[in-house]
Structure formats: structure tokens, C-alpha cells
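Shown next: query06.csv, given as CSV, N, CA and C atoms.
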chain,number,residue,atom,x,y,z
A,210,GLY,N,-3.3,-15.4,-9.8
A,210,GLY,CA,-3.8,-15.2,-8.5
A,210,GLY,C,-2.9,-15.9,-7.5
A,211,PRO,N,-3.2,-15.9,-6.3
A,211,PRO,CA,-2.4,-16.6,-5.2
A,211,PRO,C,-2.4,-18.1,-5.4
A,212,ILE,N,-1.4,-18.7,-4.9
A,212,ILE,CA,-1.2,-20.2,-4.9
A,212,ILE,C,-2.3,-20.7,-3.9
A,213,ALA,N,-3.0,-21.8,-4.4
A,213,ALA,CA,-4.0,-22.4,-3.6
A,213,ALA,C,-3.4,-22.8,-2.2
A,214,GLY,N,-4.2,-22.5,-1.2
A,214,GLY,CA,-3.8,-22.9,0.2
A,214,GLY,C,-2.8,-21.9,0.8
A,215,SER,N,-2.3,-20.9,0.1
A,215,SER,CA,-1.4,-20.0,0.6
A,215,SER,C,-2.2,-19.0,1.5
A,216,PRO,N,-1.5,-18.3,2.4
A,216,PRO,CA,-2.2,-17.3,3.2
A,216,PRO,C,-2.9,-16.2,2.3
A,217,ALA,N,-2.3,-15.9,1.2
A,217,ALA,CA,-2.9,-14.9,0.3
A,217,ALA,C,-4.2,-15.4,-0.3
A,218,ALA,N,-4.2,-16.7,-0.6
A,218,ALA,CA,-5.5,-17.3,-1.1
A,218,ALA,C,-6.5,-17.4,0.0
A,219,VAL,N,-6.1,-17.7,1.2
A,219,VAL,CA,-7.1,-17.8,2.3
A,219,VAL,C,-7.6,-16.5,2.6
A,220,GLU,N,-6.8,-15.5,2.7
A,220,GLU,CA,-7.2,-14.1,3.1
A,220,GLU,C,-8.1,-13.5,2.0
A,221,ALA,N,-7.9,-13.9,0.8
A,221,ALA,CA,-8.7,-13.4,-0.3
A,221,ALA,C,-10.2,-13.8,-0.2
A,222,THR,N,-10.4,-14.8,0.5
A,222,THR,CA,-11.8,-15.3,0.7
A,222,THR,C,-12.5,-14.5,1.8
A,223,HIS,N,-11.8,-13.7,2.6
A,223,HIS,CA,-12.3,-12.9,3.7
A,223,HIS,C,-12.7,-11.5,3.2
A,224,PRO,N,-13.7,-10.9,3.8
A,224,PRO,CA,-13.9,-9.5,3.4
A,224,PRO,C,-12.7,-8.6,3.8
A,225,LEU,N,-12.3,-7.8,2.9
A,225,LEU,CA,-11.2,-6.9,3.0
A,225,LEU,C,-9.9,-7.6,3.1
A,226,GLY,N,-9.9,-8.8,2.6
A,226,GLY,CA,-8.6,-9.6,2.7
A,226,GLY,C,-7.7,-9.4,1.5
A,227,GLN,N,-8.1,-8.7,0.5
A,227,GLN,CA,-7.2,-8.5,-0.6
A,227,GLN,C,-6.1,-7.5,-0.5
A,228,TYR,N,-6.3,-6.6,0.5
A,228,TYR,CA,-5.3,-5.5,0.6
A,228,TYR,C,-3.9,-5.8,0.9
A,229,ALA,N,-3.6,-6.7,1.8
A,229,ALA,CA,-2.2,-7.1,2.2
A,229,ALA,C,-1.5,-7.6,0.9
A,230,THR,N,-2.0,-8.5,0.2
A,230,THR,CA,-1.3,-9.1,-0.9
A,230,THR,C,-1.2,-8.0,-2.1
A,231,ARG,N,-2.3,-7.3,-2.3
A,231,ARG,CA,-2.3,-6.3,-3.4
A,231,ARG,C,-1.2,-5.2,-3.1
A,232,ILE,N,-1.2,-4.7,-1.9
A,232,ILE,CA,-0.3,-3.6,-1.6
A,232,ILE,C,1.2,-4.2,-1.5
A,233,ALA,N,1.3,-5.3,-0.9
A,233,ALA,CA,2.7,-5.9,-0.9
A,233,ALA,C,3.2,-6.2,-2.3
A,234,SER,N,2.4,-6.6,-3.2
A,234,SER,CA,2.8,-6.9,-4.5
A,234,SER,C,3.3,-5.6,-5.2
A,235,PHE,N,2.5,-4.5,-5.0
A,235,PHE,CA,2.9,-3.3,-5.6
A,235,PHE,C,4.1,-2.7,-5.0
A,236,ARG,N,4.2,-2.8,-3.7
A,236,ARG,CA,5.4,-2.2,-3.0
A,236,ARG,C,6.7,-3.0,-3.4
A,237,TRP,N,6.6,-4.3,-3.6
A,237,TRP,CA,7.7,-5.1,-4.0
A,237,TRP,C,8.1,-4.8,-5.4
A,238,ALA,N,7.1,-4.6,-6.3
A,238,ALA,CA,7.5,-4.2,-7.7
A,238,ALA,C,8.1,-2.9,-7.7
A,239,ALA,N,7.6,-1.9,-6.9
A,239,ALA,CA,8.2,-0.6,-6.9
A,239,ALA,C,9.6,-0.6,-6.3
A,240,ALA,N,9.8,-1.4,-5.2
A,240,ALA,CA,11.1,-1.5,-4.6
A,240,ALA,C,12.1,-2.1,-5.6
A,241,SER,N,11.7,-3.1,-6.3
A,241,SER,CA,12.6,-3.7,-7.3
A,241,SER,C,12.9,-2.8,-8.4
A,242,GLU,N,12.0,-2.0,-8.9
A,242,GLU,CA,12.3,-1.0,-9.9
A,242,GLU,C,13.3,0.1,-9.4
A,243,ASN,N,13.1,0.5,-8.2
A,243,ASN,CA,14.0,1.5,-7.6
A,243,ASN,C,15.4,0.9,-7.4
A,244,ALA,N,15.5,-0.4,-7.0
A,244,ALA,CA,16.8,-1.0,-6.9
A,244,ALA,C,17.5,-1.2,-8.3
A,245,LEU,N,16.7,-1.5,-9.3
A,245,LEU,CA,17.3,-1.6,-10.6
A,245,LEU,C,17.7,-0.3,-11.1
A,246,ALA,N,17.0,0.8,-10.9
A,246,ALA,CA,17.4,2.1,-11.3
A,246,ALA,C,18.7,2.5,-10.6
A,247,TRP,N,18.8,2.2,-9.3
A,247,TRP,CA,20.0,2.5,-8.5
A,247,TRP,C,21.2,1.7,-9.1
A,248,TYR,N,21.0,0.5,-9.5
A,248,TYR,CA,22.0,-0.3,-10.1
A,248,TYR,C,22.5,0.3,-11.4
A,249,ARG,N,21.5,0.6,-12.2
A,249,ARG,CA,21.8,1.2,-13.5
A,249,ARG,C,22.6,2.5,-13.4
A,250,LEU,N,22.2,3.3,-12.4
A,250,LEU,CA,22.8,4.6,-12.2
A,250,LEU,C,24.3,4.4,-11.7
A,251,VAL,N,24.4,3.6,-10.7
A,251,VAL,CA,25.7,3.5,-10.0
A,251,VAL,C,26.6,2.5,-10.8
A,252,ALA,N,26.1,1.3,-11.1
A,252,ALA,CA,27.0,0.3,-11.7
A,252,ALA,C,27.2,0.5,-13.2
A,253,ASP,N,26.1,0.6,-13.9
A,253,ASP,CA,26.2,0.7,-15.4
A,253,ASP,C,26.7,2.0,-15.9
A,254,ALA,N,26.1,3.1,-15.4
A,254,ALA,CA,26.4,4.4,-15.9
A,254,ALA,C,27.7,5.0,-15.1
A,255,ARG,N,28.0,4.3,-14.0
A,255,ARG,CA,29.1,4.7,-13.2
A,255,ARG,C,29.0,6.2,-12.8
A,256,VAL,N,27.8,6.6,-12.4
A,256,VAL,CA,27.6,8.0,-11.9
A,256,VAL,C,27.3,7.9,-10.5
A,257,MET,N,27.9,8.8,-9.7
A,257,MET,CA,27.6,8.9,-8.3
A,257,MET,C,27.0,10.3,-8.1
A,258,THR,N,25.7,10.4,-8.1
A,258,THR,CA,25.0,11.7,-7.9
A,258,THR,C,25.2,12.1,-6.4
A,259,MET,N,24.8,13.4,-6.2
A,259,MET,CA,24.9,13.9,-4.8
A,259,MET,C,23.9,13.2,-3.9
A,260,ALA,N,22.6,13.1,-4.4
A,260,ALA,CA,21.6,12.5,-3.5
A,260,ALA,C,20.7,11.5,-4.2
A,261,ALA,N,20.6,11.5,-5.5
A,261,ALA,CA,19.6,10.7,-6.2
A,261,ALA,C,19.8,9.2,-5.9
A,262,HIS,N,21.0,8.8,-5.9
A,262,HIS,CA,21.3,7.4,-5.6
A,262,HIS,C,20.8,7.0,-4.2
A,263,CYS,N,20.8,7.9,-3.2
A,263,CYS,CA,20.3,7.7,-1.9
A,263,CYS,C,18.8,7.6,-1.9
A,264,THR,N,18.1,8.4,-2.6
A,264,THR,CA,16.6,8.4,-2.6
A,264,THR,C,16.2,7.1,-3.3
A,265,LEU,N,16.9,6.6,-4.3
A,265,LEU,CA,16.5,5.4,-5.0
A,265,LEU,C,16.7,4.2,-4.0
A,266,ALA,N,17.8,4.2,-3.3
A,266,ALA,CA,18.1,3.1,-2.3
A,266,ALA,C,17.1,3.1,-1.2
A,267,ARG,N,16.7,4.3,-0.7
A,267,ARG,CA,15.7,4.4,0.4
A,267,ARG,C,14.4,3.9,-0.1
A,268,ALA,N,14.0,4.3,-1.3
A,268,ALA,CA,12.7,3.8,-1.8
A,268,ALA,C,12.7,2.3,-2.0
A,269,ALA,N,13.8,1.7,-2.4
A,269,ALA,CA,13.9,0.3,-2.6
A,269,ALA,C,13.8,-0.4,-1.2
A,270,LEU,N,14.5,0.1,-0.2
A,270,LEU,CA,14.5,-0.5,1.1
A,270,LEU,C,13.1,-0.3,1.8
A,271,GLU,N,12.5,0.8,1.6
A,271,GLU,CA,11.2,1.1,2.3
A,271,GLU,C,10.2,0.2,1.7
A,272,GLY,N,10.1,0.1,0.3
A,272,GLY,CA,9.2,-0.8,-0.3
A,272,GLY,C,9.3,-2.2,0.1
A,273,ALA,N,10.5,-2.7,0.2
A,273,ALA,CA,10.7,-4.1,0.6
A,273,ALA,C,10.3,-4.3,2.1
A,274,ALA,N,10.6,-3.3,2.9
A,274,ALA,CA,10.2,-3.4,4.3
A,274,ALA,C,8.7,-3.4,4.5
A,275,VAL,N,8.0,-2.6,3.8
A,275,VAL,CA,6.5,-2.6,3.9
A,275,VAL,C,6.0,-3.9,3.4
A,276,CYS,N,6.5,-4.4,2.2
A,276,CYS,CA,6.1,-5.7,1.7
A,276,CYS,C,6.3,-6.8,2.8
A,277,ARG,N,7.4,-6.8,3.4
A,277,ARG,CA,7.7,-7.8,4.4
A,277,ARG,C,6.7,-7.7,5.6
A,278,TRP,N,6.5,-6.5,6.0
A,278,TRP,CA,5.5,-6.2,7.2
A,278,TRP,C,4.1,-6.7,6.8
A,279,LEU,N,3.7,-6.6,5.6
A,279,LEU,CA,2.4,-7.0,5.2
A,279,LEU,C,2.2,-8.5,5.1
A,280,VAL,N,3.2,-9.2,4.7
A,280,VAL,CA,3.1,-10.6,4.4
A,280,VAL,C,4.0,-11.5,5.2
A,281,GLU,N,4.4,-11.1,6.4
A,281,GLU,CA,5.2,-12.0,7.2
A,281,GLU,C,4.6,-13.4,7.3
A,282,ARG,N,5.4,-14.4,7.2
A,282,ARG,CA,4.9,-15.8,7.2
A,282,ARG,C,4.2,-16.1,8.6
A,283,GLU,N,4.7,-15.5,9.7
A,283,GLU,CA,4.1,-15.9,11.0
A,283,GLU,C,2.8,-15.3,11.3
A,284,LEU,N,2.3,-14.4,10.5
A,284,LEU,CA,1.1,-13.7,10.8
A,284,LEU,C,-0.2,-14.6,10.6
A,285,THR,N,-1.2,-14.3,11.4
A,285,THR,CA,-2.5,-15.0,11.1
A,285,THR,C,-3.2,-14.2,10.0
A,286,VAL,N,-4.2,-14.9,9.5
A,286,VAL,CA,-5.0,-14.2,8.4
A,286,VAL,C,-5.6,-12.9,8.9
A,287,GLU,N,-6.0,-12.9,10.2
A,287,GLU,CA,-6.6,-11.7,10.7
A,287,GLU,C,-5.6,-10.6,10.8
A,288,GLU,N,-4.4,-10.9,11.2
A,288,GLU,CA,-3.3,-9.9,11.3
A,288,GLU,C,-3.0,-9.3,10.0
A,289,ARG,N,-2.9,-10.2,9.0
A,289,ARG,CA,-2.5,-9.8,7.6
A,289,ARG,C,-3.7,-8.9,7.1
A,290,ARG,N,-4.9,-9.3,7.3
A,290,ARG,CA,-6.0,-8.5,6.9
A,290,ARG,C,-6.0,-7.1,7.6
A,291,TRP,N,-5.7,-7.1,8.8
A,291,TRP,CA,-5.6,-5.8,9.6
A,291,TRP,C,-4.5,-5.0,9.0
A,292,ARG,N,-3.3,-5.5,8.8
A,292,ARG,CA,-2.2,-4.8,8.3
A,292,ARG,C,-2.5,-4.2,6.9
A,293,GLY,N,-3.1,-5.1,6.1
A,293,GLY,CA,-3.4,-4.6,4.7
A,293,GLY,C,-4.4,-3.5,4.7
A,294,THR,N,-5.4,-3.6,5.6
A,294,THR,CA,-6.4,-2.5,5.7
A,294,THR,C,-5.8,-1.2,6.2
A,295,VAL,N,-4.9,-1.3,7.2
A,295,VAL,CA,-4.3,-0.2,7.7
A,295,VAL,C,-3.4,0.5,6.6
A,296,ALA,N,-2.7,-0.3,5.9
A,296,ALA,CA,-1.9,0.2,4.8
A,296,ALA,C,-2.8,0.9,3.7
A,297,GLN,N,-3.9,0.3,3.4
A,297,GLN,CA,-4.8,1.0,2.4
A,297,GLN,C,-5.4,2.3,3.0
A,298,LEU,N,-5.8,2.3,4.2
A,298,LEU,CA,-6.3,3.6,4.8
A,298,LEU,C,-5.2,4.6,4.8
A,299,GLU,N,-3.9,4.3,5.1
A,299,GLU,CA,-2.8,5.2,5.0
A,299,GLU,C,-2.6,5.7,3.6
A,300,ASP,N,-2.8,4.9,2.6
A,300,ASP,CA,-2.7,5.3,1.2
A,300,ASP,C,-3.8,6.3,0.9
A,301,TYR,N,-5.0,6.0,1.3
A,301,TYR,CA,-6.1,7.0,1.1
A,301,TYR,C,-5.8,8.3,1.8
A,302,ARG,N,-5.2,8.3,3.0
A,302,ARG,CA,-4.9,9.5,3.8
A,302,ARG,C,-3.9,10.3,3.0
A,303,GLN,N,-2.9,9.7,2.5
A,303,GLN,CA,-1.9,10.4,1.7
A,303,GLN,C,-2.5,10.9,0.4
A,304,ARG,N,-3.3,10.1,-0.2
A,304,ARG,CA,-4.0,10.5,-1.5
A,304,ARG,C,-4.9,11.7,-1.2
A,305,ARG,N,-5.6,11.7,-0.1
A,305,ARG,CA,-6.5,12.8,0.2
A,305,ARG,C,-5.6,14.1,0.4
A,306,SER,N,-4.5,14.0,1.1
A,306,SER,CA,-3.6,15.1,1.3
A,306,SER,C,-3.2,15.7,0.0
A,307,PHE,N,-2.8,14.8,-0.9
A,307,PHE,CA,-2.4,15.2,-2.3
A,307,PHE,C,-3.5,15.9,-3.0
A,308,GLU,N,-4.7,15.4,-3.0
A,308,GLU,CA,-5.8,16.0,-3.6
A,308,GLU,C,-6.1,17.4,-3.1
A,309,ARG,N,-6.0,17.5,-1.8
A,309,ARG,CA,-6.2,18.9,-1.2
A,309,ARG,C,-5.1,19.8,-1.7
A,310,SER,N,-3.9,19.3,-1.7
A,310,SER,CA,-2.8,20.2,-2.1
A,310,SER,C,-2.8,20.7,-3.5
A,311,ILE,N,-3.5,20.0,-4.4
A,311,ILE,CA,-3.6,20.5,-5.8
A,311,ILE,C,-5.0,21.1,-6.0
A,312,GLY,N,-5.8,21.3,-4.9
A,312,GLY,CA,-7.0,22.0,-5.0
A,312,GLY,C,-8.1,21.2,-5.8
A,313,LEU,N,-8.1,19.9,-5.7
A,313,LEU,CA,-9.1,19.1,-6.4
A,313,LEU,C,-10.5,19.5,-6.1
A,314,ASP,N,-11.3,19.8,-7.1
A,314,ASP,CA,-12.7,20.2,-6.9
A,314,ASP,C,-13.5,18.9,-7.0
A,315,GLU,N,-14.0,18.4,-5.9
A,315,GLU,CA,-14.8,17.2,-5.9
A,315,GLU,C,-16.1,17.3,-6.6
A,316,SER,N,-16.6,18.5,-6.8
A,316,SER,CA,-17.9,18.6,-7.5
A,316,SER,C,-17.7,18.3,-9.0
A,317,ARG,N,-16.5,18.2,-9.5
A,317,ARG,CA,-16.2,17.9,-10.9
A,317,ARG,C,-15.8,16.5,-11.1
A,318,TRP,N,-15.8,15.7,-10.0
A,318,TRP,CA,-15.4,14.3,-10.1
A,318,TRP,C,-16.3,13.5,-11.0
A,319,ILE,N,-15.7,12.7,-11.9
A,319,ILE,CA,-16.4,11.9,-12.8
A,319,ILE,C,-16.6,10.4,-12.3
A,320,ALA,N,-17.8,10.0,-12.2
A,320,ALA,CA,-18.1,8.6,-11.7
A,320,ALA,C,-17.6,7.6,-12.8
A,321,PRO,N,-17.1,6.5,-12.5
A,321,PRO,CA,-17.2,5.8,-11.2
A,321,PRO,C,-16.0,6.1,-10.3
A,322,GLY,N,-15.1,7.0,-10.7
A,322,GLY,CA,-14.0,7.3,-9.8
A,322,GLY,C,-14.5,8.0,-8.5
A,323,LYS,N,-13.7,8.0,-7.5
A,323,LYS,CA,-14.1,8.6,-6.2
A,323,LYS,C,-12.9,9.3,-5.7
A,324,PRO,N,-13.1,10.4,-5.0
A,324,PRO,CA,-12.0,11.1,-4.4
A,324,PRO,C,-11.6,10.3,-3.1
A,325,ALA,N,-10.4,10.5,-2.7
A,325,ALA,CA,-9.8,9.7,-1.5
A,325,ALA,C,-10.7,9.9,-0.3
A,326,ARG,N,-11.3,11.0,-0.1
A,326,ARG,CA,-12.1,11.2,1.1
A,326,ARG,C,-13.3,10.2,1.1
A,327,VAL,N,-13.9,10.0,0.0
A,327,VAL,CA,-15.0,9.1,-0.1
A,327,VAL,C,-14.5,7.6,0.0
A,328,ARG,N,-13.4,7.3,-0.7
A,328,ARG,CA,-12.8,6.0,-0.6
A,328,ARG,C,-12.5,5.6,0.9
A,329,GLN,N,-11.9,6.6,1.6
A,329,GLN,CA,-11.5,6.4,3.0
A,329,GLN,C,-12.7,6.1,3.8
A,330,ALA,N,-13.7,6.9,3.7
A,330,ALA,CA,-15.0,6.8,4.4
A,330,ALA,C,-15.6,5.4,4.1
A,331,ASP,N,-15.6,5.0,2.9
A,331,ASP,CA,-16.2,3.7,2.5
A,331,ASP,C,-15.5,2.6,3.2
A,332,LEU,N,-14.1,2.6,3.1
A,332,LEU,CA,-13.3,1.6,3.7
A,332,LEU,C,-13.5,1.6,5.3
A,333,GLU,N,-13.5,2.7,5.9
A,333,GLU,CA,-13.7,2.8,7.3
A,333,GLU,C,-15.1,2.1,7.7
A,334,ARG,N,-16.1,2.3,6.9
A,334,ARG,CA,-17.4,1.7,7.2
A,334,ARG,C,-17.3,0.2,7.1
A,335,GLU,N,-16.5,-0.3,6.1
A,335,GLU,CA,-16.3,-1.7,5.9
A,335,GLU,C,-15.5,-2.3,7.0
A,336,VAL,N,-14.5,-1.6,7.5
A,336,VAL,CA,-13.7,-2.1,8.6
A,336,VAL,C,-14.6,-2.3,9.8
A,337,LYS,N,-15.5,-1.4,10.1
A,337,LYS,CA,-16.4,-1.6,11.3
A,337,LYS,C,-17.4,-2.7,11.0
A,338,ARG,N,-17.9,-2.8,9.8
A,338,ARG,CA,-18.9,-3.8,9.5
A,338,ARG,C,-18.3,-5.2,9.6
A,339,HIS,N,-17.1,-5.4,9.2
A,339,HIS,CA,-16.5,-6.7,9.2
A,339,HIS,C,-15.6,-7.0,10.4
A,340,GLY,N,-15.5,-6.0,11.3
A,340,GLY,CA,-14.7,-6.2,12.5
A,340,GLY,C,-13.2,-6.5,12.3
A,341,VAL,N,-12.7,-5.8,11.3
A,341,VAL,CA,-11.3,-6.0,10.9
A,341,VAL,C,-10.4,-5.5,12.1
A,342,ALA,N,-10.8,-4.5,12.8
A,342,ALA,CA,-10.0,-4.0,13.9
A,342,ALA,C,-9.8,-5.1,15.0
A,343,ASP,N,-10.7,-6.1,15.0
A,343,ASP,CA,-10.5,-7.2,16.0
A,343,ASP,C,-9.2,-8.0,15.7
A,344,GLY,N,-8.7,-7.9,14.5
A,344,GLY,CA,-7.4,-8.6,14.2
A,344,GLY,C,-6.2,-7.8,14.6
A,345,CYS,N,-6.4,-6.6,15.1
A,345,CYS,CA,-5.4,-5.7,15.5
A,345,CYS,C,-4.5,-6.3,16.6
A,346,PRO,N,-3.2,-6.5,16.4
A,346,PRO,CA,-2.3,-7.0,17.4
A,346,PRO,C,-2.3,-6.1,18.6
A,347,GLY,N,-2.2,-6.7,19.8
A,347,GLY,CA,-2.1,-5.9,21.0
A,347,GLY,C,-3.4,-5.4,21.5
As C-alpha cells, how would this structure be written, given the file I've shared?
Amino acid sequence: GPIAGSPAAVEATHPLGQYATRIASFRWAAASENALAWYRLVADARVMTMAAHCTLARAALEGAAVCRWLVERELTVEERRWRGTVAQLEDYRQRRSFERSIGLDESRWIAPGKPARVRQADLEREVKRHGVADGCPG
């Protein structure tokens, strides 16, 4: 878990406070994996593909940028919580789009799993209930 007294530990005690750290951790891990794959392709295998090396580099940079945006040191707990929640809502939006694109039949969904539409609606209710939008900058 988070280091005691760290912003991640403090925000974890707040409703909806887990998203920033959870998503940042995943994005950092994915960014690192893409950077390693880029290195293995270009440096170790000495292969310069037409585009694959660029997509690996982009994924590494994008993941690192999202991670940094979520856990910037200067952010308040409220801002981190807001950013994490926004990132989770965007993830559900993209997941929902994917589920629609593959023709997911929600009537065949097996509990306790939930389709993205339901997850998104649940989180939006929690956002209103806990006033997370109040931490929105600007």
C-alpha cells in the first residue's frame, strides 16, 4: 500500500480517493512495459520497423504523462481525487464504447461483473454524493 503520510495514503481515506493512485500505478507500469519493448526492439534486436517503434514510444510517453498528471506533487488531495475520478470515468466511457462495438449483450452479463454503462452510472452517482466535482480546478 501507500507510504504512511503520503498523498496516496491520505487520499485513500477519502471516498473515491483510490482512483488517482490506482490508475497512475497502472499507467506507469504499462508505460514502462512499452518503453522496455521499444528498447528490446530497437536496441537489442536492432530492428527499425516502419511504425511499431513509434507506437511503442507514444504509448510509453502517454502513460508516463497521464501518471504524472494524476499524482503531481503540488496537487491537493481534492484535486488528485478529482483527477483520478475523471480518469476512471474516461476509462468507463472508452470501455462502454468498446462493449458497444463488439455488440455486448448486457442481458447475458454474469454477476458480480457489470457492464461499463452500469459502472459509469454508479461512479457518477458517487461523484455527486461525495461532492468530488467540488475539487475541480477552475
Exercise for the section: Tell me, as a list in words, which residues lie within 8 Å of Trp278 (chain A), counting all atoms listed in the file; anything in the same chain fewer than 3 positions away does not count. Expected result: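 Once the adjacent positions are removed, what remains is Ala229, Ala233, Gly272, Ala273, Ala274, Val275, Glu281, Arg282, Arg289, Arg292 and Gly293 of chain A.
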Fill in the blank from the handout: atom C of Arg267 (chain A) to atom N of Ala330 (chain A) measures 28.5 Å
Problem - Contact residues around Val286 (chain A) with all atoms listed in the file at 8 Å, ignoring same-chain residues under 2 positions, as a ChimeraX atom specification - result: /A:216-217,219-220,226,283-284,288-292,344
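Atom N of Thr230 (chain A) is found 12.4 Å from atom N of Ser215 (chain A).
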Exercise for the section: One decimal, Å: what's the distance from CA of Ala325 (chain A) over to atom N of Arg305 (chain A), could you say? Expected result: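 Result for CA of Ala325 (chain A) versus atom N of Arg305 (chain A): 4.9 Å, one decimal.
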Practice task
Can you check which residues of region 242-293 of chain A DSSP gives as helix (DSSP H, G or I) on the backbone and send them as a ChimeraX atom specification?
Solution key: /A:242-253,261-280,286-293
Handout entry: Spatial neighbours of region 336-343 of chain A, 7 Å, only N, CA and C atoms, chain gap at least 3 places, as a PyMOL selection string
Key = chain A and resi 224+287+290-291+331-333+346
Handout entry: Close residues, region 235-248 of chain A itself excluded, 7 Å, only N, CA and C atoms, min 5 positions apart in chain, as a PyMOL selection string
Key = chain A and resi 230+253-254+262+265-266+268-273+275-276
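The residue that comes closest to Tyr228 (chain A), out of A:Ala261, A:Ala213, A:Val256, A:Ala296 and on the basis of only C-alpha atoms, is A:Ala296.
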Practice task
Go through A:Arg255, A:Arg231, A:Arg328, A:Arg249 and flag the residue nearest Tyr301 (chain A), using only N, CA and C atoms for the distances.
Solution key: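 Of the candidates, the smallest distance to Tyr301 (chain A) is held by A:Arg328.
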Problem - Distance criterion (only C-alpha atoms): nearest to Leu279 (chain A) out of A:Ala221, A:Cys263, A:Val295, A:Leu313 - result: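 Of A:Ala221, A:Cys263, A:Val295, A:Leu313, the one nearest Leu279 (chain A), counting only C-alpha atoms, is A:Val295.
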